[in-house]
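For reference, the structure discussed in these notes is given below.
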Amino acid sequence: MPKLLEHRGKLLLRNAGIATPEGRVVTTAGEARSTAEALGFPVAIKAQILAGKRGLGGGIAFANDASAAEAAARRLLGTSLYGWPITELLIETKSTIRSELYVAVISDTAARAPLMLVSTSGGVEIEEAAHAGAHTTVSAAVDMRRGAPVYWCLDLVRTLPLPEATLVALAAILARLYEVYRRHDCTLAEINPLAVTEGGLIALDARIAIDDDAVFRHPELDLERSQEVGDRSATALELAAAKIDENDHRGSAHFVQIDPDGSLAKAQGKISIGFDGIGTGVSMAVMDELVPLGFLPMNFCDTSGNPTGSKLYRITKAILAQPLIEGYVFASCLSSQQLDVTARGIIKAFKEIFAPHGGAPTIPCVFSFRGAWDDVALGLFHQHGLDAHPWVRVLGRDSTERELAQTFKELHERWRAARGVANA
Amino acid sequence: MSELAWNVFSGGSVSIDLDRCVACTTKACLSACNVPNLGSALKAGADGLPALAITPERAAQGGCIECLACDLACQSDGLGALTFSLPTPEVDAYLDALRAAGNAPGRGW
């Protein structure tokens, strides 16, 4: 899901009426110096990356004068933290903190509702504090029909051991945070820490994540859409593949790279392959069979929900564009999906991609068509000569996941032998 | 050259070189274009050549379901008069960037 950098998240908070420290984004050490001088000391210098625990990792520094600010910026810019390159810094006035709170609105898939969560132990080690039980936490599911008005938020937090004035201010911030969550279709709107200062409550950080399927509703956020890729930024190919699914509601083509650069496969002594499946369950089952045989899918892809042939054509091109893959596996579950349409998209892509080789795939490819119109799909592969190529095997509805994986392994071994490459 | 052309919903287009269709004995695209329970987007025109059974606007709204049946049928049983263009600019840009960086893209390209 798309996440916003801290400074962009804070802008949403400010627009909703939640106080944040005064600050500015810089990209050079010189800018950091002049910005710090303009803001007044002390300042915080914060790496703008989409990872948590920046403070613990050295991504946040403090400076009491211009030279220190410039030096800190010089030390951070151009480096990376948790694998994220640091190209931007947020220079902010440093707040004098009395205590830190944690507040969040999270999409709770179990409750099927937004979950509002408040803890009196905010800060960089909230998880550890939670395990130690060294805080007080309250939470409640928000009724989306009613929203989270201030009086409801006040009722939520009233048992926390905080001064009355802080509780009232906290309730007001929670109501505004919920508005940020709703207005921007968030899956997460989190402030950690929400600092208790002499001047009131101030959001010292902001973590905002937007629902993938709502990105198109927010052009103002200028987000690039990709499938959920976890705690890293989407790869160029994931962004490209997401475009295929972006404006076409007919079936899905969910593409995520498991091992984008092949480093995981290399570290585990496995062979990278391209993968496409109809149905996540069968995809998992096939992967479970492939991995022990020495293969690691470079990507996961789900083309279910009866996608068009054109969608299959496009996503197959994306899967086969991955460098380093030594094979391609396609597996369908026993679905009601019209597999002849699926097959046509794949055939068109293969004919085009391998046109320089007379349409013959140059890597081992195994296809498993099981479900509606699977006989037509097999017929199309035969009609277009794809099943006659030496590095292609096409299986029907009587095949299992294990047979599919074993067939691929045997084909891959022959392929390597023909190329004079030793098998593992 | 006479041409039958329409756009498709996902961002692409189909064009048929009707001059070439004159010599086609199978008109395989017409029998291939058959959406279960929904009918066809293609039909035989008065001259026996492929014609749209729906308006181009309807085709572009999804009336042509982009099953690619006409495309493959024309390739295998017709005279290759039909071109189903489905641009993938983002994937193409990815491949170009790979090549520019000196990295070979997926095998076969």
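The chains in the structure tokens are called A, B, ... from first to last as shown; in each chain the residues are counted from 1, and the ligands are counted from 1 in the order shown.
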Considering only C-alpha atoms, give me a table of residues in chain B that are at most 10 Å from chain A, with the closest atom pair and distance in Å for each, as CSV.
```
residue,atom,partner,partner_atom,distance
B:Val8,CA,A:Ser310,CA,9.7
B:Phe9,CA,A:Asp248,CA,7.7
B:Ser10,CA,A:Asp248,CA,6.0
B:Gly11,CA,A:Asp248,CA,9.3
B:Gly12,CA,A:Ser310,CA,9.1
B:Gly62,CA,A:Arg250,CA,9.5
B:Ile65,CA,A:Thr308,CA,6.7
B:Glu66,CA,A:Ser310,CA,5.7
B:Cys67,CA,A:Gly309,CA,4.6
B:Leu68,CA,A:Gly309,CA,5.8
B:Ala69,CA,A:Arg344,CA,7.0
B:Asp71,CA,A:Lys348,CA,8.6
B:Leu72,CA,A:Arg344,CA,7.3
B:Ala73,CA,A:His384,CA,9.6
B:Gln75,CA,A:His384,CA,9.0
B:Ser76,CA,A:His384,CA,6.9
B:Asp77,CA,A:Gln383,CA,9.8
B:Phe84,CA,A:Ser310,CA,9.3
B:Ser85,CA,A:Ser310,CA,9.4
B:Leu86,CA,A:Ser310,CA,7.0
B:Pro87,CA,A:Arg314,CA,8.3
B:Thr88,CA,A:Arg314,CA,6.6
B:Pro89,CA,A:Ala240,CA,8.3
B:Glu90,CA,A:Ala240,CA,4.8
B:Val91,CA,A:Ala240,CA,5.5
B:Asp92,CA,A:Ala240,CA,8.9
B:Ala93,CA,A:Ala240,CA,8.5
B:Tyr94,CA,A:Leu237,CA,6.4
B:Leu95,CA,A:Ala321,CA,6.8
B:Ala97,CA,A:Ala236,CA,9.6
B:Leu98,CA,A:Pro323,CA,8.7
B:Asn103,CA,A:Pro323,CA,7.8
B:Ala104,CA,A:Pro323,CA,6.3
B:Pro105,CA,A:Pro323,CA,4.6
B:Gly106,CA,A:Pro323,CA,4.2
B:Arg107,CA,A:Thr362,CA,6.8
B:Gly108,CA,A:Phe354,CA,5.3
B:Trp109,CA,A:Ile353,CA,5.6
```
Could you save the residues just selected, with C-alpha atoms, as an mmCIF file, in the first residue's frame?
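Writing done, so here's out-v1.cif:
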```cif
data_model
loop_
_atom_site.group_PDB
_atom_site.id
_atom_site.type_symbol
_atom_site.label_atom_id
_atom_site.label_comp_id
_atom_site.auth_asym_id
_atom_site.auth_seq_id
_atom_site.Cartn_x
_atom_site.Cartn_y
_atom_site.Cartn_z
ATOM 1 C CA VAL B 8 -10.831 -1.429 -26.724
ATOM 2 C CA PHE B 9 -11.549 -0.598 -23.108
ATOM 3 C CA SER B 10 -8.128 -1.412 -21.670
ATOM 4 C CA GLY B 11 -6.362 1.025 -23.963
ATOM 5 C CA GLY B 12 -5.569 -0.544 -27.288
ATOM 6 C CA GLY B 62 -16.198 -3.201 -23.121
ATOM 7 C CA ILE B 65 -14.279 -8.202 -24.293
ATOM 8 C CA GLU B 66 -10.650 -8.447 -25.471
ATOM 9 C CA CYS B 67 -10.658 -12.240 -25.424
ATOM 10 C CA LEU B 68 -8.205 -12.183 -28.369
ATOM 11 C CA ALA B 69 -10.117 -14.995 -30.097
ATOM 12 C CA ASP B 71 -6.618 -12.234 -33.189
ATOM 13 C CA LEU B 72 -5.407 -15.809 -32.802
ATOM 14 C CA ALA B 73 -8.020 -17.206 -35.198
ATOM 15 C CA GLN B 75 -3.290 -15.741 -37.310
ATOM 16 C CA SER B 76 -3.868 -19.492 -37.435
ATOM 17 C CA ASP B 77 -6.793 -19.891 -39.831
ATOM 18 C CA PHE B 84 -4.785 -6.456 -32.026
ATOM 19 C CA SER B 85 -2.573 -3.742 -30.573
ATOM 20 C CA LEU B 86 -2.219 -3.706 -26.813
ATOM 21 C CA PRO B 87 0.386 -1.162 -25.765
ATOM 22 C CA THR B 88 2.416 -1.786 -22.640
ATOM 23 C CA PRO B 89 4.357 1.469 -22.380
ATOM 24 C CA GLU B 90 5.370 0.999 -18.750
ATOM 25 C CA VAL B 91 6.715 -2.509 -19.308
ATOM 26 C CA ASP B 92 8.465 -1.314 -22.457
ATOM 27 C CA ALA B 93 10.042 1.526 -20.492
ATOM 28 C CA TYR B 94 11.219 -0.985 -17.882
ATOM 29 C CA LEU B 95 12.833 -3.084 -20.593
ATOM 30 C CA ALA B 97 15.857 0.993 -18.769
ATOM 31 C CA LEU B 98 17.260 -2.496 -18.254
ATOM 32 C CA ASN B 103 21.361 -5.572 -18.084
ATOM 33 C CA ALA B 104 19.786 -8.236 -20.203
ATOM 34 C CA PRO B 105 16.033 -8.414 -19.710
ATOM 35 C CA GLY B 106 14.186 -11.701 -19.407
ATOM 36 C CA ARG B 107 15.463 -14.393 -21.720
ATOM 37 C CA GLY B 108 13.903 -14.434 -25.136
ATOM 38 C CA TRP B 109 13.416 -10.701 -25.528
#
```
So which residues touch Ala195 in chain A within 6 Å, counting only C-alpha atoms, skipping near sequence neighbours fewer than 6 positions away, as JSON, numbers by chain? {"A": [97, 100, 201, 202]}
List the spatial neighbours of range 48-53 of chain B as a CSV table (one decimal) with N, CA and C atoms, in the first residue's frame - criterion: any atom at most 9 Å away, only C-alpha atoms, same-chain residues fewer than 6 positions off excluded.
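In the end it all went to out_36.csv:
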```
chain,number,residue,atom,x,y,z
B,4,LEU,N,-11.4,-1.9,-41.0
B,4,LEU,CA,-12.3,-1.8,-39.9
B,4,LEU,C,-11.5,-1.7,-38.7
B,5,ALA,N,-11.8,-0.7,-37.8
B,5,ALA,CA,-11.0,-0.5,-36.6
B,5,ALA,C,-11.9,-0.1,-35.5
B,6,TRP,N,-11.5,-0.4,-34.3
B,6,TRP,CA,-12.1,0.0,-33.1
B,6,TRP,C,-11.1,0.0,-31.9
B,16,ILE,N,-8.6,-4.2,-38.9
B,16,ILE,CA,-8.6,-5.3,-39.8
B,16,ILE,C,-8.5,-4.8,-41.2
B,18,LEU,N,-9.4,-5.0,-44.5
B,18,LEU,CA,-10.5,-5.7,-45.2
B,18,LEU,C,-10.1,-6.1,-46.6
B,21,CYS,N,-9.0,-9.4,-46.4
B,21,CYS,CA,-10.1,-10.3,-46.0
B,21,CYS,C,-10.8,-10.9,-47.2
B,22,VAL,N,-10.8,-10.1,-48.3
B,22,VAL,CA,-11.5,-10.5,-49.5
B,22,VAL,C,-11.1,-11.9,-49.9
B,27,LYS,N,-12.9,-16.7,-42.9
B,27,LYS,CA,-13.4,-15.7,-42.1
B,27,LYS,C,-13.5,-16.2,-40.6
B,29,CYS,N,-12.3,-15.2,-38.0
B,29,CYS,CA,-12.5,-14.2,-36.9
B,29,CYS,C,-14.0,-14.1,-36.5
B,30,LEU,N,-14.9,-14.3,-37.5
B,30,LEU,CA,-16.3,-14.2,-37.3
B,30,LEU,C,-16.8,-15.3,-36.4
B,40,SER,N,-21.9,-11.6,-30.1
B,40,SER,CA,-20.6,-11.3,-30.8
B,40,SER,C,-20.4,-9.8,-31.0
B,41,ALA,N,-19.2,-9.4,-31.1
B,41,ALA,CA,-18.9,-8.0,-31.4
B,41,ALA,C,-18.7,-7.9,-32.9
B,42,LEU,N,-18.4,-9.0,-33.6
B,42,LEU,CA,-18.2,-9.1,-35.0
B,42,LEU,C,-19.3,-9.8,-35.7
B,59,ALA,N,-18.1,-1.0,-28.4
B,59,ALA,CA,-16.9,-1.8,-28.4
B,59,ALA,C,-15.9,-1.3,-27.4
```
Would you please extract all alpha helix (DSSP H) residues from range 238-373 of chain A, as assigned by DSSP on the backbone, and give them as a PyMOL selection string? chain A and resi 238-246+263-267+280-290+309-320+339-353
Using only N, CA and C atoms, please write the residues we just selected to a file, as a compact mmCIF listing (two decimals), in the first residue's frame.
```txt
# COMPACT_ATOMS: atom_id res chain seq x y z
N GLU A 238 7.08 -3.54 -10.65
CA GLU A 238 5.80 -3.59 -9.93
C GLU A 238 4.92 -2.39 -10.28
N LEU A 239 5.55 -1.23 -10.38
CA LEU A 239 4.79 -0.04 -10.76
C LEU A 239 4.25 -0.18 -12.18
N ALA A 240 5.08 -0.74 -13.05
CA ALA A 240 4.65 -0.94 -14.44
C ALA A 240 3.50 -1.94 -14.50
N ALA A 241 3.62 -3.03 -13.74
CA ALA A 241 2.57 -4.06 -13.75
C ALA A 241 1.27 -3.52 -13.14
N ALA A 242 1.39 -2.65 -12.16
CA ALA A 242 0.19 -2.10 -11.53
C ALA A 242 -0.64 -1.29 -12.52
N LYS A 243 0.03 -0.70 -13.50
CA LYS A 243 -0.70 0.08 -14.51
C LYS A 243 -1.66 -0.81 -15.30
N ILE A 244 -1.29 -2.10 -15.44
CA ILE A 244 -2.13 -3.02 -16.21
C ILE A 244 -3.48 -3.19 -15.53
N ASP A 245 -3.47 -3.18 -14.24
CA ASP A 245 -4.68 -3.43 -13.45
C ASP A 245 -5.40 -2.14 -13.06
N GLU A 246 -4.76 -1.02 -13.33
CA GLU A 246 -5.20 0.24 -12.72
C GLU A 246 -6.62 0.64 -13.10
N SER A 263 18.61 -11.89 -5.27
CA SER A 263 19.62 -12.09 -4.23
C SER A 263 19.20 -13.19 -3.24
N LEU A 264 17.89 -13.28 -2.98
CA LEU A 264 17.43 -14.31 -2.04
C LEU A 264 17.65 -15.70 -2.63
N ALA A 265 17.32 -15.86 -3.90
CA ALA A 265 17.53 -17.15 -4.57
C ALA A 265 19.01 -17.51 -4.56
N LYS A 266 19.83 -16.51 -4.83
CA LYS A 266 21.28 -16.75 -4.86
C LYS A 266 21.78 -17.17 -3.48
N ALA A 267 21.31 -16.47 -2.45
CA ALA A 267 21.75 -16.78 -1.09
C ALA A 267 21.32 -18.17 -0.66
N THR A 280 -4.85 -17.68 -5.28
CA THR A 280 -3.70 -17.59 -4.38
C THR A 280 -3.42 -18.93 -3.70
N GLY A 281 -4.47 -19.68 -3.41
CA GLY A 281 -4.26 -20.95 -2.73
C GLY A 281 -3.44 -21.92 -3.56
N VAL A 282 -3.81 -22.07 -4.81
CA VAL A 282 -3.06 -22.99 -5.66
C VAL A 282 -1.65 -22.45 -5.91
N SER A 283 -1.52 -21.14 -5.95
CA SER A 283 -0.19 -20.56 -6.14
C SER A 283 0.72 -20.92 -4.96
N MET A 284 0.18 -20.80 -3.76
CA MET A 284 0.96 -21.16 -2.57
C MET A 284 1.34 -22.64 -2.62
N ALA A 285 0.37 -23.47 -3.01
CA ALA A 285 0.61 -24.91 -3.05
C ALA A 285 1.70 -25.25 -4.07
N VAL A 286 1.65 -24.61 -5.21
CA VAL A 286 2.66 -24.87 -6.24
C VAL A 286 4.02 -24.37 -5.78
N MET A 287 4.05 -23.19 -5.18
CA MET A 287 5.32 -22.67 -4.67
C MET A 287 5.90 -23.62 -3.61
N ASP A 288 5.02 -24.15 -2.76
CA ASP A 288 5.48 -25.09 -1.73
C ASP A 288 6.11 -26.33 -2.35
N GLU A 289 5.66 -26.69 -3.53
CA GLU A 289 6.25 -27.84 -4.21
C GLU A 289 7.53 -27.46 -4.96
N LEU A 290 7.57 -26.24 -5.47
CA LEU A 290 8.72 -25.81 -6.27
C LEU A 290 9.95 -25.53 -5.41
N GLY A 309 -8.26 -11.48 -21.98
CA GLY A 309 -7.06 -11.99 -22.64
C GLY A 309 -5.99 -10.91 -22.71
N SER A 310 -6.43 -9.68 -22.91
CA SER A 310 -5.45 -8.59 -23.02
C SER A 310 -4.70 -8.38 -21.71
N LYS A 311 -5.39 -8.59 -20.59
CA LYS A 311 -4.72 -8.43 -19.30
C LYS A 311 -3.68 -9.53 -19.10
N LEU A 312 -4.04 -10.76 -19.52
CA LEU A 312 -3.07 -11.86 -19.44
C LEU A 312 -1.87 -11.59 -20.33
N TYR A 313 -2.14 -11.08 -21.52
CA TYR A 313 -1.06 -10.76 -22.45
C TYR A 313 -0.07 -9.78 -21.82
N ARG A 314 -0.63 -8.73 -21.25
CA ARG A 314 0.24 -7.68 -20.70
C ARG A 314 1.02 -8.17 -19.47
N ILE A 315 0.34 -8.88 -18.58
CA ILE A 315 1.03 -9.29 -17.35
C ILE A 315 2.05 -10.38 -17.65
N THR A 316 1.79 -11.21 -18.66
CA THR A 316 2.77 -12.23 -19.03
C THR A 316 4.05 -11.56 -19.56
N LYS A 317 3.88 -10.48 -20.30
CA LYS A 317 5.05 -9.73 -20.75
C LYS A 317 5.85 -9.20 -19.55
N ALA A 318 5.12 -8.72 -18.55
CA ALA A 318 5.81 -8.19 -17.36
C ALA A 318 6.56 -9.30 -16.62
N ILE A 319 5.93 -10.45 -16.47
CA ILE A 319 6.58 -11.55 -15.75
C ILE A 319 7.85 -11.99 -16.49
N LEU A 320 7.73 -12.11 -17.80
CA LEU A 320 8.88 -12.59 -18.58
C LEU A 320 9.93 -11.51 -18.79
N LEU A 339 -10.74 -20.41 -19.05
CA LEU A 339 -9.31 -20.62 -19.27
C LEU A 339 -8.89 -20.46 -20.73
N ASP A 340 -9.84 -20.55 -21.66
CA ASP A 340 -9.45 -20.33 -23.06
C ASP A 340 -9.05 -18.87 -23.27
N VAL A 341 -9.73 -17.96 -22.59
CA VAL A 341 -9.36 -16.54 -22.69
C VAL A 341 -7.98 -16.33 -22.06
N THR A 342 -7.77 -16.94 -20.91
CA THR A 342 -6.47 -16.87 -20.25
C THR A 342 -5.37 -17.38 -21.19
N ALA A 343 -5.64 -18.53 -21.80
CA ALA A 343 -4.65 -19.14 -22.69
C ALA A 343 -4.33 -18.24 -23.88
N ARG A 344 -5.34 -17.58 -24.42
CA ARG A 344 -5.09 -16.72 -25.58
C ARG A 344 -4.14 -15.58 -25.23
N GLY A 345 -4.35 -15.00 -24.06
CA GLY A 345 -3.46 -13.92 -23.66
C GLY A 345 -2.02 -14.39 -23.52
N ILE A 346 -1.86 -15.57 -22.92
CA ILE A 346 -0.51 -16.12 -22.73
C ILE A 346 0.11 -16.45 -24.10
N ILE A 347 -0.67 -17.08 -24.96
CA ILE A 347 -0.15 -17.47 -26.28
C ILE A 347 0.29 -16.24 -27.06
N LYS A 348 -0.54 -15.20 -27.04
CA LYS A 348 -0.18 -13.97 -27.78
C LYS A 348 1.14 -13.39 -27.25
N ALA A 349 1.28 -13.38 -25.92
CA ALA A 349 2.51 -12.83 -25.33
C ALA A 349 3.72 -13.68 -25.71
N PHE A 350 3.58 -14.99 -25.62
CA PHE A 350 4.71 -15.86 -25.93
C PHE A 350 5.11 -15.74 -27.40
N LYS A 351 4.12 -15.68 -28.28
CA LYS A 351 4.42 -15.54 -29.70
C LYS A 351 5.21 -14.27 -29.98
N GLU A 352 4.83 -13.23 -29.28
CA GLU A 352 5.50 -11.94 -29.50
C GLU A 352 6.89 -11.91 -28.86
N ILE A 353 6.97 -12.37 -27.61
CA ILE A 353 8.24 -12.31 -26.89
C ILE A 353 9.29 -13.19 -27.56
```
Residues near range 414-420 of chain A, cut-off 9 Å, only C-alpha atoms, skip fewer than 6 positions along chain, as a VMD selection string: chain A and resid 363 to 364 390 to 391
Using N, CA and C atoms, can you export the residues from the last selection as a short mmCIF file (atom, residue, chain, number, x, y, z; two decimals), in the first residue's frame?
```cif
data_model
loop_
_atom_site.label_atom_id
_atom_site.label_comp_id
_atom_site.auth_asym_id
_atom_site.auth_seq_id
_atom_site.Cartn_x
_atom_site.Cartn_y
_atom_site.Cartn_z
N ILE A 363 13.27 -20.72 -22.59
CA ILE A 363 13.42 -21.18 -21.20
C ILE A 363 12.35 -22.23 -20.93
N PRO A 364 12.57 -23.12 -19.97
CA PRO A 364 11.56 -24.13 -19.67
C PRO A 364 10.28 -23.50 -19.14
N PRO A 390 10.28 -27.78 -27.55
CA PRO A 390 10.98 -28.70 -26.63
C PRO A 390 10.99 -28.24 -25.18
N TRP A 391 10.86 -26.94 -24.93
CA TRP A 391 10.96 -26.47 -23.55
C TRP A 391 9.60 -26.11 -22.98
#
```
Selected residue, from A:Asp205, A:Asp108, A:Asp211, A:Glu88, that lies nearest to Gly123 in chain A when counting only C-alpha atoms: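 Among the listed residues, the smallest separation from Gly123 in chain A belongs to A:Asp205.
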At what distance in Å, to one decimal, does CA of Arg402 in chain A lie from CA of Ile278 in chain A?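 Taking CA of Ile278 in chain A and CA of Arg402 in chain A, their separation equals 16.3 Å.
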